[in-house]
Amino acid sequence: MTARSVLRYVEHRIARHPGTDVTFEAECLGCDWQAAASTDGAAVDVECMSHTGRSGHPGFRRVCTSFARVERAE
């Protein structure tokens, strides 16, 4: 007797998790300075430029964090 399998594929999509925002952060590569985390990426960039003006440090590590959710596409 031969076993039979039925394969079913369901399409999914990924999207930002409801009720969450993207968070932007930055830290200087030349010292221990860090920008305050914010949902406003431009504000973090301004803090980095201000830090460069005060310290002369031109390099930063920037991080954007978001939360995602996978759902079945209907």
# chains A, B, ... in the order shown; residues from 1 in each chain; ligands from 1
>>> residues_around(residues="region 5-19 of chain A", least_positions_apart="6", cutoff="10 Å", atoms="only C-alpha atoms", output="list in words")
Ser66, Phe67, Ala68, Arg69, Val70, Glu71, Arg72, Ala73 and Glu74 of chain A
>>> closest_residue(among="A:Cys28, A:Gly41, A:Ala35, A:Thr2", to="Cys64 (chain A)", atoms="only C-alpha atoms")
A:Gly41
>>> select_by_dssp(residues="chain A", states="strand (DSSP E or B)", output="ChimeraX atom specification")
/A:12-16,23-28,34,38,60-65,68-72
>>> write_last_selection(atoms="N, CA, C and O atoms", output="CSV table (one decimal), in the first residue's frame")
chain,number,residue,atom,x,y,z
A,12,HIS,N,1.8,34.0,2.8
A,12,HIS,CA,1.9,34.9,4.0
A,12,HIS,C,2.4,36.2,3.6
A,12,HIS,O,3.0,36.4,2.6
A,13,ARG,N,2.3,37.2,4.5
A,13,ARG,CA,2.9,38.5,4.3
A,13,ARG,C,3.5,38.9,5.7
A,13,ARG,O,3.1,38.4,6.7
A,14,ILE,N,4.4,39.8,5.6
A,14,ILE,CA,5.0,40.4,6.9
A,14,ILE,C,4.8,41.9,6.9
A,14,ILE,O,4.9,42.5,5.8
A,15,ALA,N,4.4,42.4,8.0
A,15,ALA,CA,4.2,43.8,8.2
A,15,ALA,C,4.5,44.2,9.6
A,15,ALA,O,4.8,43.4,10.5
A,16,ARG,N,4.6,45.6,9.8
A,16,ARG,CA,5.0,46.1,11.1
A,16,ARG,C,3.9,45.6,12.1
A,16,ARG,O,2.7,45.7,11.8
A,23,THR,N,12.1,52.5,15.9
A,23,THR,CA,12.9,53.2,16.8
A,23,THR,C,14.3,53.4,16.2
A,23,THR,O,14.9,52.5,15.7
A,24,PHE,N,14.8,54.6,16.3
A,24,PHE,CA,16.2,55.0,15.7
A,24,PHE,C,17.1,55.2,16.9
A,24,PHE,O,16.8,55.9,17.9
A,25,GLU,N,18.3,54.7,16.7
A,25,GLU,CA,19.4,54.9,17.7
A,25,GLU,C,20.7,55.1,17.0
A,25,GLU,O,20.9,54.8,15.9
A,26,ALA,N,21.7,55.8,17.7
A,26,ALA,CA,23.0,56.0,17.2
A,26,ALA,C,24.0,56.0,18.3
A,26,ALA,O,23.7,56.4,19.4
A,27,GLU,N,25.2,55.6,17.9
A,27,GLU,CA,26.3,55.6,18.9
A,27,GLU,C,27.6,56.0,18.1
A,27,GLU,O,27.8,55.6,17.0
A,28,CYS,N,28.4,56.8,18.8
A,28,CYS,CA,29.7,57.3,18.2
A,28,CYS,C,30.7,56.2,18.1
A,28,CYS,O,30.8,55.4,19.1
A,34,GLN,N,26.2,58.3,23.0
A,34,GLN,CA,25.0,57.7,22.3
A,34,GLN,C,23.9,58.7,22.2
A,34,GLN,O,23.7,59.5,23.1
A,38,SER,N,14.8,57.3,19.6
A,38,SER,CA,13.7,58.1,19.2
A,38,SER,C,12.9,57.5,18.1
A,38,SER,O,13.5,56.7,17.3
A,60,PHE,N,29.5,57.0,13.0
A,60,PHE,CA,28.4,56.6,13.9
A,60,PHE,C,27.8,55.2,13.5
A,60,PHE,O,27.8,54.9,12.3
A,61,ARG,N,27.4,54.5,14.4
A,61,ARG,CA,26.6,53.3,14.2
A,61,ARG,C,25.2,53.6,14.4
A,61,ARG,O,24.8,54.0,15.5
A,62,ARG,N,24.4,53.5,13.3
A,62,ARG,CA,22.9,53.8,13.4
A,62,ARG,C,22.1,52.5,13.4
A,62,ARG,O,22.4,51.6,12.6
A,63,VAL,N,21.1,52.4,14.2
A,63,VAL,CA,20.3,51.2,14.3
A,63,VAL,C,18.8,51.6,14.2
A,63,VAL,O,18.4,52.6,14.8
A,64,CYS,N,18.1,50.9,13.3
A,64,CYS,CA,16.6,51.1,13.2
A,64,CYS,C,16.0,49.8,13.6
A,64,CYS,O,16.3,48.8,13.1
A,65,THR,N,15.1,49.9,14.6
A,65,THR,CA,14.5,48.7,15.2
A,65,THR,C,13.0,48.7,14.9
A,65,THR,O,12.4,49.8,15.2
A,68,ALA,N,7.9,43.1,13.7
A,68,ALA,CA,7.1,42.6,12.6
A,68,ALA,C,6.2,41.5,13.0
A,68,ALA,O,6.4,40.8,14.0
A,69,ARG,N,5.2,41.2,12.2
A,69,ARG,CA,4.3,40.2,12.4
A,69,ARG,C,4.0,39.5,11.1
A,69,ARG,O,3.8,40.2,10.1
A,70,VAL,N,4.0,38.2,11.1
A,70,VAL,CA,3.7,37.4,9.9
A,70,VAL,C,2.3,36.9,10.0
A,70,VAL,O,1.9,36.4,11.0
A,71,GLU,N,1.5,37.2,8.9
A,71,GLU,CA,0.1,36.8,8.9
A,71,GLU,C,-0.2,36.1,7.6
A,71,GLU,O,0.5,36.3,6.6
A,72,ARG,N,-1.2,35.3,7.6
A,72,ARG,CA,-1.7,34.7,6.4
A,72,ARG,C,-2.3,35.7,5.4
A,72,ARG,O,-3.0,36.6,5.9
>>> select_by_dssp(residues="chain A", states="alpha helix (DSSP H)", output="PyMOL selection string")
chain A and resi 41-55
>>> write_last_selection(atoms="N, CA and C atoms", output="PDB file, in the first residue's frame")
ATOM      1  N   GLY A  41      13.743  59.681  13.243  1.00  0.00           N
ATOM      2  CA  GLY A  41      15.088  59.443  12.723  1.00  0.00           C
ATOM      3  C   GLY A  41      15.852  60.723  12.453  1.00  0.00           C
ATOM      4  N   ALA A  42      15.163  61.765  12.017  1.00  0.00           N
ATOM      5  CA  ALA A  42      15.826  63.034  11.728  1.00  0.00           C
ATOM      6  C   ALA A  42      16.392  63.653  13.008  1.00  0.00           C
ATOM      7  N   ALA A  43      15.682  63.504  14.113  1.00  0.00           N
ATOM      8  CA  ALA A  43      16.165  64.058  15.387  1.00  0.00           C
ATOM      9  C   ALA A  43      17.454  63.357  15.816  1.00  0.00           C
ATOM     10  N   VAL A  44      17.541  62.060  15.591  1.00  0.00           N
ATOM     11  CA  VAL A  44      18.765  61.316  15.930  1.00  0.00           C
ATOM     12  C   VAL A  44      19.912  61.772  15.034  1.00  0.00           C
ATOM     13  N   ASP A  45      19.620  61.984  13.754  1.00  0.00           N
ATOM     14  CA  ASP A  45      20.659  62.478  12.838  1.00  0.00           C
ATOM     15  C   ASP A  45      21.182  63.845  13.274  1.00  0.00           C
ATOM     16  N   VAL A  46      20.285  64.722  13.725  1.00  0.00           N
ATOM     17  CA  VAL A  46      20.694  66.052  14.195  1.00  0.00           C
ATOM     18  C   VAL A  46      21.592  65.919  15.419  1.00  0.00           C
ATOM     19  N   GLU A  47      21.249  65.002  16.329  1.00  0.00           N
ATOM     20  CA  GLU A  47      22.101  64.786  17.501  1.00  0.00           C
ATOM     21  C   GLU A  47      23.493  64.321  17.085  1.00  0.00           C
ATOM     22  N   CYS A  48      23.568  63.449  16.075  1.00  0.00           N
ATOM     23  CA  CYS A  48      24.874  62.972  15.582  1.00  0.00           C
ATOM     24  C   CYS A  48      25.683  64.129  14.997  1.00  0.00           C
ATOM     25  N   MET A  49      25.025  64.974  14.204  1.00  0.00           N
ATOM     26  CA  MET A  49      25.740  66.105  13.605  1.00  0.00           C
ATOM     27  C   MET A  49      26.220  67.087  14.675  1.00  0.00           C
ATOM     28  N   SER A  50      25.403  67.285  15.709  1.00  0.00           N
ATOM     29  CA  SER A  50      25.816  68.159  16.812  1.00  0.00           C
ATOM     30  C   SER A  50      27.013  67.571  17.539  1.00  0.00           C
ATOM     31  N   HIS A  51      27.005  66.257  17.732  1.00  0.00           N
ATOM     32  CA  HIS A  51      28.137  65.605  18.395  1.00  0.00           C
ATOM     33  C   HIS A  51      29.408  65.753  17.556  1.00  0.00           C
ATOM     34  N   THR A  52      29.274  65.615  16.246  1.00  0.00           N
ATOM     35  CA  THR A  52      30.435  65.805  15.367  1.00  0.00           C
ATOM     36  C   THR A  52      30.978  67.223  15.500  1.00  0.00           C
ATOM     37  N   GLY A  53      30.076  68.206  15.548  1.00  0.00           N
ATOM     38  CA  GLY A  53      30.509  69.598  15.694  1.00  0.00           C
ATOM     39  C   GLY A  53      31.264  69.838  16.986  1.00  0.00           C
ATOM     40  N   ARG A  54      30.852  69.182  18.069  1.00  0.00           N
ATOM     41  CA  ARG A  54      31.501  69.370  19.366  1.00  0.00           C
ATOM     42  C   ARG A  54      32.783  68.551  19.510  1.00  0.00           C
ATOM     43  N   SER A  55      32.794  67.332  18.936  1.00  0.00           N
ATOM     44  CA  SER A  55      33.902  66.408  19.201  1.00  0.00           C
ATOM     45  C   SER A  55      34.829  66.181  18.011  1.00  0.00           C
TER      46      SER A  55
END
